[in-house]
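Trainee: Can you keep this structure in mind? I'll have questions shortly.
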Amino acid sequence: MTLWNGVLPFYPQSRHAAGFSVPLLIVILVFLVLAASFLLILPGIRGNSRWFWLVRVLLSLFIGAETVALHFSAAWSVGRVSTNTSYKAFSTARVQAHIGLHVGLDGINITLTGTPVQQLNETIDYNEFFPWRFGENYAAKYAEALEKGLPDPILYLAEKFTPSSPCGLHRQYRLAGHYAKATLW
């Protein structure tokens, strides 16, 4: 057993599917600290108004935390499927895999995990993020993914959100994401 549990800290680590987002965790902790500090102040409030203030402030903190947490979450729309699918283009090789799609306000996150992870003499564990924020070019990120040679299921889903796709998902979700972010702030 090493000091860092077998992880070499000075080298880039493999990317894992996001289980919990760090900005979301920070938002939750900030609001929990505010709620705890109010609970410490609560005994200083006299009379029956103590309960009124408790309900009023904690409800306000909960609504504020929920609104800000939604802004930072990547799970606006979520989809998962287990399937037997082709792995690479122009290949007859098929793999058993879990495919996940997380559509957020800032972009989409596509995960592909083989069941089992080791198939076709390769580790099938992908997590790719395609942003559509202002100043980011979704089509360029998609072209970059094509050049990297990502597996077919990831490219197929990412293609549905390209600006030139006949589905029109890019325009709908991108505009909805921008307006939702503006409304939340």
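Convention: chains lettered A, B, ... in structure tokens order; per-chain residue numbering from 1; ligands numbered from 1 as shown.
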If you run DSSP on this backbone, which residues of stretch 63-114 of chain A come out as helix (DSSP H, G or I), and could you give them as number ranges by chain?

Mentor: A: 63-72

Trainee: With all heavy atoms kept, could you save the residues just selected as an mmCIF file, in the first residue's frame?

Mentor:
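This is the output file out-v5.cif:
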data_model
loop_
_atom_site.group_PDB
_atom_site.id
_atom_site.type_symbol
_atom_site.label_atom_id
_atom_site.label_comp_id
_atom_site.auth_asym_id
_atom_site.auth_seq_id
_atom_site.Cartn_x
_atom_site.Cartn_y
_atom_site.Cartn_z
ATOM 1 N N ILE A 63 -34.836 27.029 -0.477
ATOM 2 C CA ILE A 63 -35.204 27.438 -1.835
ATOM 3 C C ILE A 63 -33.996 28.022 -2.569
ATOM 4 O O ILE A 63 -33.752 27.732 -3.744
ATOM 5 C CB ILE A 63 -36.378 28.437 -1.795
ATOM 6 C CG1 ILE A 63 -37.644 27.720 -1.337
ATOM 7 C CG2 ILE A 63 -36.588 29.097 -3.154
ATOM 8 C CD1 ILE A 63 -38.804 28.647 -1.051
ATOM 9 N N GLY A 64 -33.193 28.834 -1.880
ATOM 10 C CA GLY A 64 -31.989 29.392 -2.494
ATOM 11 C C GLY A 64 -30.983 28.323 -2.855
ATOM 12 O O GLY A 64 -30.393 28.345 -3.939
ATOM 13 N N ALA A 65 -30.782 27.352 -1.960
ATOM 14 C CA ALA A 65 -29.829 26.269 -2.229
ATOM 15 C C ALA A 65 -30.291 25.418 -3.404
ATOM 16 O O ALA A 65 -29.486 25.017 -4.247
ATOM 17 C CB ALA A 65 -29.658 25.403 -0.984
ATOM 18 N N GLU A 66 -31.582 25.151 -3.465
ATOM 19 C CA GLU A 66 -32.109 24.344 -4.570
ATOM 20 C C GLU A 66 -31.930 25.063 -5.905
ATOM 21 O O GLU A 66 -31.553 24.456 -6.904
ATOM 22 C CB GLU A 66 -33.583 24.052 -4.321
ATOM 23 C CG GLU A 66 -34.182 23.090 -5.289
ATOM 24 C CD GLU A 66 -35.627 22.763 -4.951
ATOM 25 O OE1 GLU A 66 -36.129 23.185 -3.903
ATOM 26 O OE2 GLU A 66 -36.240 22.076 -5.774
ATOM 27 N N THR A 67 -32.170 26.356 -5.932
ATOM 28 C CA THR A 67 -32.030 27.132 -7.166
ATOM 29 C C THR A 67 -30.579 27.173 -7.628
ATOM 30 O O THR A 67 -30.279 26.948 -8.802
ATOM 31 C CB THR A 67 -32.562 28.563 -6.962
ATOM 32 O OG1 THR A 67 -33.910 28.491 -6.517
ATOM 33 C CG2 THR A 67 -32.484 29.363 -8.242
ATOM 34 N N VAL A 68 -29.656 27.453 -6.715
ATOM 35 C CA VAL A 68 -28.245 27.530 -7.083
ATOM 36 C C VAL A 68 -27.702 26.145 -7.428
ATOM 37 O O VAL A 68 -26.901 25.989 -8.348
ATOM 38 C CB VAL A 68 -27.428 28.195 -5.949
ATOM 39 C CG1 VAL A 68 -25.957 28.173 -6.255
ATOM 40 C CG2 VAL A 68 -27.895 29.627 -5.765
ATOM 41 N N ALA A 69 -28.141 25.104 -6.722
ATOM 42 C CA ALA A 69 -27.688 23.744 -7.023
ATOM 43 C C ALA A 69 -28.144 23.312 -8.410
ATOM 44 O O ALA A 69 -27.411 22.627 -9.127
ATOM 45 C CB ALA A 69 -28.191 22.777 -5.963
ATOM 46 N N LEU A 70 -29.338 23.699 -8.809
ATOM 47 C CA LEU A 70 -29.818 23.370 -10.149
ATOM 48 C C LEU A 70 -28.939 24.018 -11.203
ATOM 49 O O LEU A 70 -28.678 23.429 -12.252
ATOM 50 C CB LEU A 70 -31.271 23.827 -10.318
ATOM 51 C CG LEU A 70 -31.861 23.629 -11.708
ATOM 52 C CD1 LEU A 70 -31.993 22.140 -11.996
ATOM 53 C CD2 LEU A 70 -33.188 24.314 -11.826
ATOM 54 N N HIS A 71 -28.467 25.214 -10.918
ATOM 55 C CA HIS A 71 -27.596 25.914 -11.861
ATOM 56 C C HIS A 71 -26.306 25.136 -12.104
ATOM 57 O O HIS A 71 -25.783 25.120 -13.205
ATOM 58 C CB HIS A 71 -27.291 27.316 -11.330
ATOM 59 C CG HIS A 71 -26.335 28.072 -12.179
ATOM 60 N ND1 HIS A 71 -26.673 28.557 -13.414
ATOM 61 C CD2 HIS A 71 -25.040 28.409 -11.993
ATOM 62 C CE1 HIS A 71 -25.628 29.171 -13.944
ATOM 63 N NE2 HIS A 71 -24.637 29.094 -13.101
ATOM 64 N N PHE A 72 -25.772 24.479 -11.065
ATOM 65 C CA PHE A 72 -24.501 23.773 -11.193
ATOM 66 C C PHE A 72 -24.654 22.297 -11.535
ATOM 67 O O PHE A 72 -23.666 21.613 -11.746
ATOM 68 C CB PHE A 72 -23.688 23.898 -9.903
ATOM 69 C CG PHE A 72 -23.100 25.264 -9.718
ATOM 70 C CD1 PHE A 72 -23.602 26.126 -8.774
ATOM 71 C CD2 PHE A 72 -22.055 25.694 -10.514
ATOM 72 C CE1 PHE A 72 -23.074 27.383 -8.598
ATOM 73 C CE2 PHE A 72 -21.521 26.945 -10.361
ATOM 74 C CZ PHE A 72 -22.020 27.792 -9.400
#

Trainee: Name the residues in contact with stretch 154-160 of chain A at a cut-off of 10 Å, using only C-alpha atoms, excluding same-chain residues fewer than 6 positions from it; report them as a ChimeraX atom specification.

Mentor: /A:87-89,99-101,108-112,126-130,138-139,141-143,145-146,166-170

Trainee: Put those residues in a file: N, CA, C and O atoms, as a JSON list (two decimals), in the first residue's frame.

Mentor:
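Produced file out.json, reproduced below:
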[["chain", "number", "residue", "atom", "x", "y", "z"],
["A", 87, "TYR", "N", -18.96, -1.41, -31.66],
["A", 87, "TYR", "CA", -18.00, -0.65, -30.88],
["A", 87, "TYR", "C", -17.28, 0.41, -31.71],
["A", 87, "TYR", "O", -17.19, 1.56, -31.32],
["A", 88, "LYS", "N", -16.78, 0.03, -32.86],
["A", 88, "LYS", "CA", -16.07, 0.96, -33.74],
["A", 88, "LYS", "C", -16.72, 0.97, -35.12],
["A", 88, "LYS", "O", -17.39, 0.02, -35.51],
["A", 89, "ALA", "N", -16.50, 2.04, -35.84],
["A", 89, "ALA", "CA", -17.06, 2.16, -37.18],
["A", 89, "ALA", "C", -16.43, 1.12, -38.12],
["A", 89, "ALA", "O", -15.25, 0.79, -37.99],
["A", 99, "ILE", "N", -24.75, 2.76, -21.56],
["A", 99, "ILE", "CA", -24.55, 4.07, -22.18],
["A", 99, "ILE", "C", -25.40, 5.07, -21.39],
["A", 99, "ILE", "O", -26.57, 4.84, -21.14],
["A", 100, "GLY", "N", -24.77, 6.16, -21.00],
["A", 100, "GLY", "CA", -25.48, 7.19, -20.24],
["A", 100, "GLY", "C", -25.37, 8.54, -20.92],
["A", 100, "GLY", "O", -24.34, 8.88, -21.49],
["A", 101, "LEU", "N", -26.44, 9.32, -20.86],
["A", 101, "LEU", "CA", -26.46, 10.66, -21.43],
["A", 101, "LEU", "C", -26.99, 11.61, -20.36],
["A", 101, "LEU", "O", -28.09, 11.41, -19.84],
["A", 108, "ILE", "N", -23.45, 18.42, -22.85],
["A", 108, "ILE", "CA", -23.86, 17.04, -22.62],
["A", 108, "ILE", "C", -22.65, 16.22, -22.17],
["A", 108, "ILE", "O", -21.53, 16.48, -22.57],
["A", 109, "ASN", "N", -22.92, 15.23, -21.33],
["A", 109, "ASN", "CA", -21.91, 14.31, -20.86],
["A", 109, "ASN", "C", -22.37, 12.91, -21.26],
["A", 109, "ASN", "O", -23.45, 12.48, -20.88],
["A", 110, "ILE", "N", -21.54, 12.21, -22.03],
["A", 110, "ILE", "CA", -21.87, 10.87, -22.51],
["A", 110, "ILE", "C", -20.90, 9.89, -21.89],
["A", 110, "ILE", "O", -19.69, 10.08, -21.98],
["A", 111, "THR", "N", -21.44, 8.84, -21.25],
["A", 111, "THR", "CA", -20.59, 7.80, -20.67],
["A", 111, "THR", "C", -20.86, 6.48, -21.37],
["A", 111, "THR", "O", -21.99, 6.18, -21.74],
["A", 112, "LEU", "N", -19.80, 5.71, -21.54],
["A", 112, "LEU", "CA", -19.89, 4.37, -22.12],
["A", 112, "LEU", "C", -19.04, 3.47, -21.25],
["A", 112, "LEU", "O", -17.84, 3.66, -21.13],
["A", 126, "TYR", "N", -15.51, 5.11, -20.95],
["A", 126, "TYR", "CA", -15.38, 6.45, -21.52],
["A", 126, "TYR", "C", -16.32, 7.42, -20.83],
["A", 126, "TYR", "O", -17.42, 7.05, -20.42],
["A", 127, "ASN", "N", -15.87, 8.65, -20.71],
["A", 127, "ASN", "CA", -16.68, 9.74, -20.18],
["A", 127, "ASN", "C", -16.30, 11.00, -20.97],
["A", 127, "ASN", "O", -15.22, 11.53, -20.80],
["A", 128, "GLU", "N", -17.17, 11.44, -21.84],
["A", 128, "GLU", "CA", -16.87, 12.57, -22.70],
["A", 128, "GLU", "C", -17.87, 13.70, -22.47],
["A", 128, "GLU", "O", -19.07, 13.46, -22.36],
["A", 129, "PHE", "N", -17.36, 14.93, -22.41],
["A", 129, "PHE", "CA", -18.20, 16.11, -22.20],
["A", 129, "PHE", "C", -18.11, 16.99, -23.44],
["A", 129, "PHE", "O", -17.03, 17.31, -23.92],
["A", 130, "PHE", "N", -19.26, 17.40, -23.96],
["A", 130, "PHE", "CA", -19.34, 18.27, -25.12],
["A", 130, "PHE", "C", -20.06, 19.55, -24.70],
["A", 130, "PHE", "O", -21.28, 19.55, -24.53],
["A", 138, "TYR", "N", -19.24, 23.69, -30.21],
["A", 138, "TYR", "CA", -19.66, 22.29, -30.09],
["A", 138, "TYR", "C", -19.21, 21.48, -31.29],
["A", 138, "TYR", "O", -18.73, 20.35, -31.15],
["A", 139, "ALA", "N", -19.33, 22.05, -32.49],
["A", 139, "ALA", "CA", -18.95, 21.32, -33.71],
["A", 139, "ALA", "C", -17.46, 21.01, -33.71],
["A", 139, "ALA", "O", -17.05, 19.92, -34.15],
["A", 141, "LYS", "N", -15.61, 20.52, -30.99],
["A", 141, "LYS", "CA", -15.43, 19.43, -30.02],
["A", 141, "LYS", "C", -15.84, 18.09, -30.62],
["A", 141, "LYS", "O", -15.22, 17.07, -30.37],
["A", 142, "TYR", "N", -16.91, 18.10, -31.40],
["A", 142, "TYR", "CA", -17.37, 16.87, -32.06],
["A", 142, "TYR", "C", -16.33, 16.41, -33.09],
["A", 142, "TYR", "O", -16.02, 15.22, -33.18],
["A", 143, "ALA", "N", -15.77, 17.35, -33.87],
["A", 143, "ALA", "CA", -14.74, 17.00, -34.85],
["A", 143, "ALA", "C", -13.50, 16.44, -34.14],
["A", 143, "ALA", "O", -12.86, 15.50, -34.63],
["A", 145, "ALA", "N", -13.55, 14.79, -31.33],
["A", 145, "ALA", "CA", -13.91, 13.44, -30.91],
["A", 145, "ALA", "C", -13.82, 12.46, -32.08],
["A", 145, "ALA", "O", -13.41, 11.31, -31.91],
["A", 146, "LEU", "N", -14.19, 12.91, -33.28],
["A", 146, "LEU", "CA", -14.05, 12.07, -34.46],
["A", 146, "LEU", "C", -12.58, 11.74, -34.73],
["A", 146, "LEU", "O", -12.23, 10.61, -35.05],
["A", 166, "PRO", "N", -30.22, 17.12, -38.36],
["A", 166, "PRO", "CA", -31.62, 17.41, -38.69],
["A", 166, "PRO", "C", -32.55, 17.30, -37.48],
["A", 166, "PRO", "O", -33.67, 17.77, -37.53],
["A", 167, "CYS", "N", -32.07, 16.71, -36.38],
["A", 167, "CYS", "CA", -32.91, 16.59, -35.18],
["A", 167, "CYS", "C", -33.20, 17.95, -34.56],
["A", 167, "CYS", "O", -34.24, 18.14, -33.94],
["A", 168, "GLY", "N", -32.27, 18.89, -34.68],
["A", 168, "GLY", "CA", -32.46, 20.22, -34.10],
["A", 168, "GLY", "C", -32.32, 20.26, -32.58],
["A", 168, "GLY", "O", -32.74, 21.21, -31.94],
["A", 169, "LEU", "N", -31.72, 19.22, -32.00],
["A", 169, "LEU", "CA", -31.59, 19.17, -30.54],
["A", 169, "LEU", "C", -30.61, 20.22, -30.01],
["A", 169, "LEU", "O", -30.80, 20.76, -28.93],
["A", 170, "HIS", "N", -29.55, 20.50, -30.80],
["A", 170, "HIS", "CA", -28.55, 21.46, -30.35],
["A", 170, "HIS", "C", -29.18, 22.83, -30.10],
["A", 170, "HIS", "O", -28.98, 23.43, -29.05]]

Trainee: What does the structure give for the distance between atom CA of A:Phe31 and atom CA of A:Gly104, in Å to one decimal?

Mentor: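 Result for atom CA of A:Phe31 versus atom CA of A:Gly104: 22.1 Å, one decimal.
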
Trainee: Using only C-alpha atoms for the distances, tell me which of A:Leu34, A:Leu59, A:Leu105, A:Val81 is nearest to A:Lys181.

Mentor: A:Leu105

Trainee: Which residues come within 10 Å of A:Gln96, counting only C-alpha atoms, excluding same-chain residues fewer than 6 positions away, as a ChimeraX atom specification?

Mentor: /A:82-87,113-117,119,124

Trainee: Restricting the calculation to only C-alpha atoms: of A:Thr183, A:Ser77, A:Ser91, A:Gln172, which residue gets closest to A:Pro151?

Mentor: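 Closest candidate: A:Ser91.
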
Trainee: As an exercise, work out the distance from atom CA of A:Arg174 to atom CA of A:Trp132 in Å and give it to one decimal place.

Mentor: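 That distance, rounded to one decimal, is 6.5 Å.
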
Trainee: Where in stretch 1-183 of chain A does DSSP assign strand (DSSP E or B), given as a PDB file with C-alpha atoms, in the first residue's frame?

Mentor:
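To be explicit, this is the file written out as states03.pdb:
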ATOM      1  CA  SER A  77     -32.205  15.540 -18.550  1.00  0.00           C
ATOM      2  CA  VAL A  78     -30.799  12.040 -17.973  1.00  0.00           C
ATOM      3  CA  GLY A  79     -30.980   8.815 -19.955  1.00  0.00           C
ATOM      4  CA  ARG A  80     -29.358   5.396 -19.488  1.00  0.00           C
ATOM      5  CA  VAL A  81     -29.545   2.145 -21.406  1.00  0.00           C
ATOM      6  CA  SER A  82     -27.836  -1.263 -21.353  1.00  0.00           C
ATOM      7  CA  THR A  83     -27.314  -2.572 -24.851  1.00  0.00           C
ATOM      8  CA  ASN A  84     -25.402  -4.829 -27.210  1.00  0.00           C
ATOM      9  CA  THR A  85     -23.904  -2.383 -29.714  1.00  0.00           C
ATOM     10  CA  SER A  86     -21.194  -2.016 -32.331  1.00  0.00           C
ATOM     11  CA  ARG A  94     -20.115  -5.926 -30.750  1.00  0.00           C
ATOM     12  CA  VAL A  95     -19.905  -5.177 -27.022  1.00  0.00           C
ATOM     13  CA  GLN A  96     -22.242  -5.267 -24.037  1.00  0.00           C
ATOM     14  CA  ALA A  97     -22.276  -1.791 -22.524  1.00  0.00           C
ATOM     15  CA  HIS A  98     -24.085   0.762 -20.372  1.00  0.00           C
ATOM     16  CA  ILE A  99     -24.554   4.073 -22.178  1.00  0.00           C
ATOM     17  CA  GLY A 100     -25.479   7.188 -20.239  1.00  0.00           C
ATOM     18  CA  LEU A 101     -26.462  10.657 -21.427  1.00  0.00           C
ATOM     19  CA  HIS A 102     -26.593  13.639 -19.063  1.00  0.00           C
ATOM     20  CA  VAL A 103     -27.856  16.855 -20.641  1.00  0.00           C
ATOM     21  CA  GLY A 107     -23.502  20.800 -22.443  1.00  0.00           C
ATOM     22  CA  ILE A 108     -23.862  17.038 -22.617  1.00  0.00           C
ATOM     23  CA  ASN A 109     -21.912  14.308 -20.857  1.00  0.00           C
ATOM     24  CA  ILE A 110     -21.874  10.874 -22.515  1.00  0.00           C
ATOM     25  CA  THR A 111     -20.591   7.801 -20.668  1.00  0.00           C
ATOM     26  CA  LEU A 112     -19.888   4.373 -22.123  1.00  0.00           C
ATOM     27  CA  THR A 113     -18.982   1.534 -19.761  1.00  0.00           C
ATOM     28  CA  GLY A 114     -18.558  -2.037 -20.910  1.00  0.00           C
ATOM     29  CA  THR A 115     -20.137  -4.894 -18.951  1.00  0.00           C
ATOM     30  CA  PRO A 116     -17.595  -6.303 -18.167  1.00  0.00           C
ATOM     31  CA  VAL A 117     -15.242  -3.349 -18.578  1.00  0.00           C
ATOM     32  CA  GLN A 118     -12.556  -5.469 -20.269  1.00  0.00           C
ATOM     33  CA  GLN A 119     -13.810  -6.555 -23.740  1.00  0.00           C
ATOM     34  CA  GLU A 122      -9.551  -3.146 -24.507  1.00  0.00           C
ATOM     35  CA  THR A 123     -10.884  -1.279 -21.481  1.00  0.00           C
ATOM     36  CA  ILE A 124     -14.274   0.198 -22.329  1.00  0.00           C
ATOM     37  CA  ASP A 125     -14.761   3.066 -19.885  1.00  0.00           C
ATOM     38  CA  TYR A 126     -15.378   6.448 -21.522  1.00  0.00           C
ATOM     39  CA  ASN A 127     -16.679   9.744 -20.182  1.00  0.00           C
ATOM     40  CA  GLU A 128     -16.871  12.571 -22.699  1.00  0.00           C
ATOM     41  CA  PHE A 129     -18.200  16.113 -22.201  1.00  0.00           C
ATOM     42  CA  PHE A 130     -19.338  18.274 -25.122  1.00  0.00           C
ATOM     43  CA  PRO A 131     -19.942  21.915 -24.037  1.00  0.00           C
TER      44      PRO A 131
END

Trainee: What does the structure give for the distance between atom CA of A:Val22 and atom CA of A:Ser37, in Å to one decimal?

Mentor: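 Computing it gives 22.5 Å between the two atoms.
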
Trainee: Have a look at A:Thr92, A:Phe38, A:Trp76, A:Asn48 and name the one nearest to A:Leu120; count only C-alpha atoms.

Mentor: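 Answer, going by the shortest atom-to-atom distance: A:Thr92.
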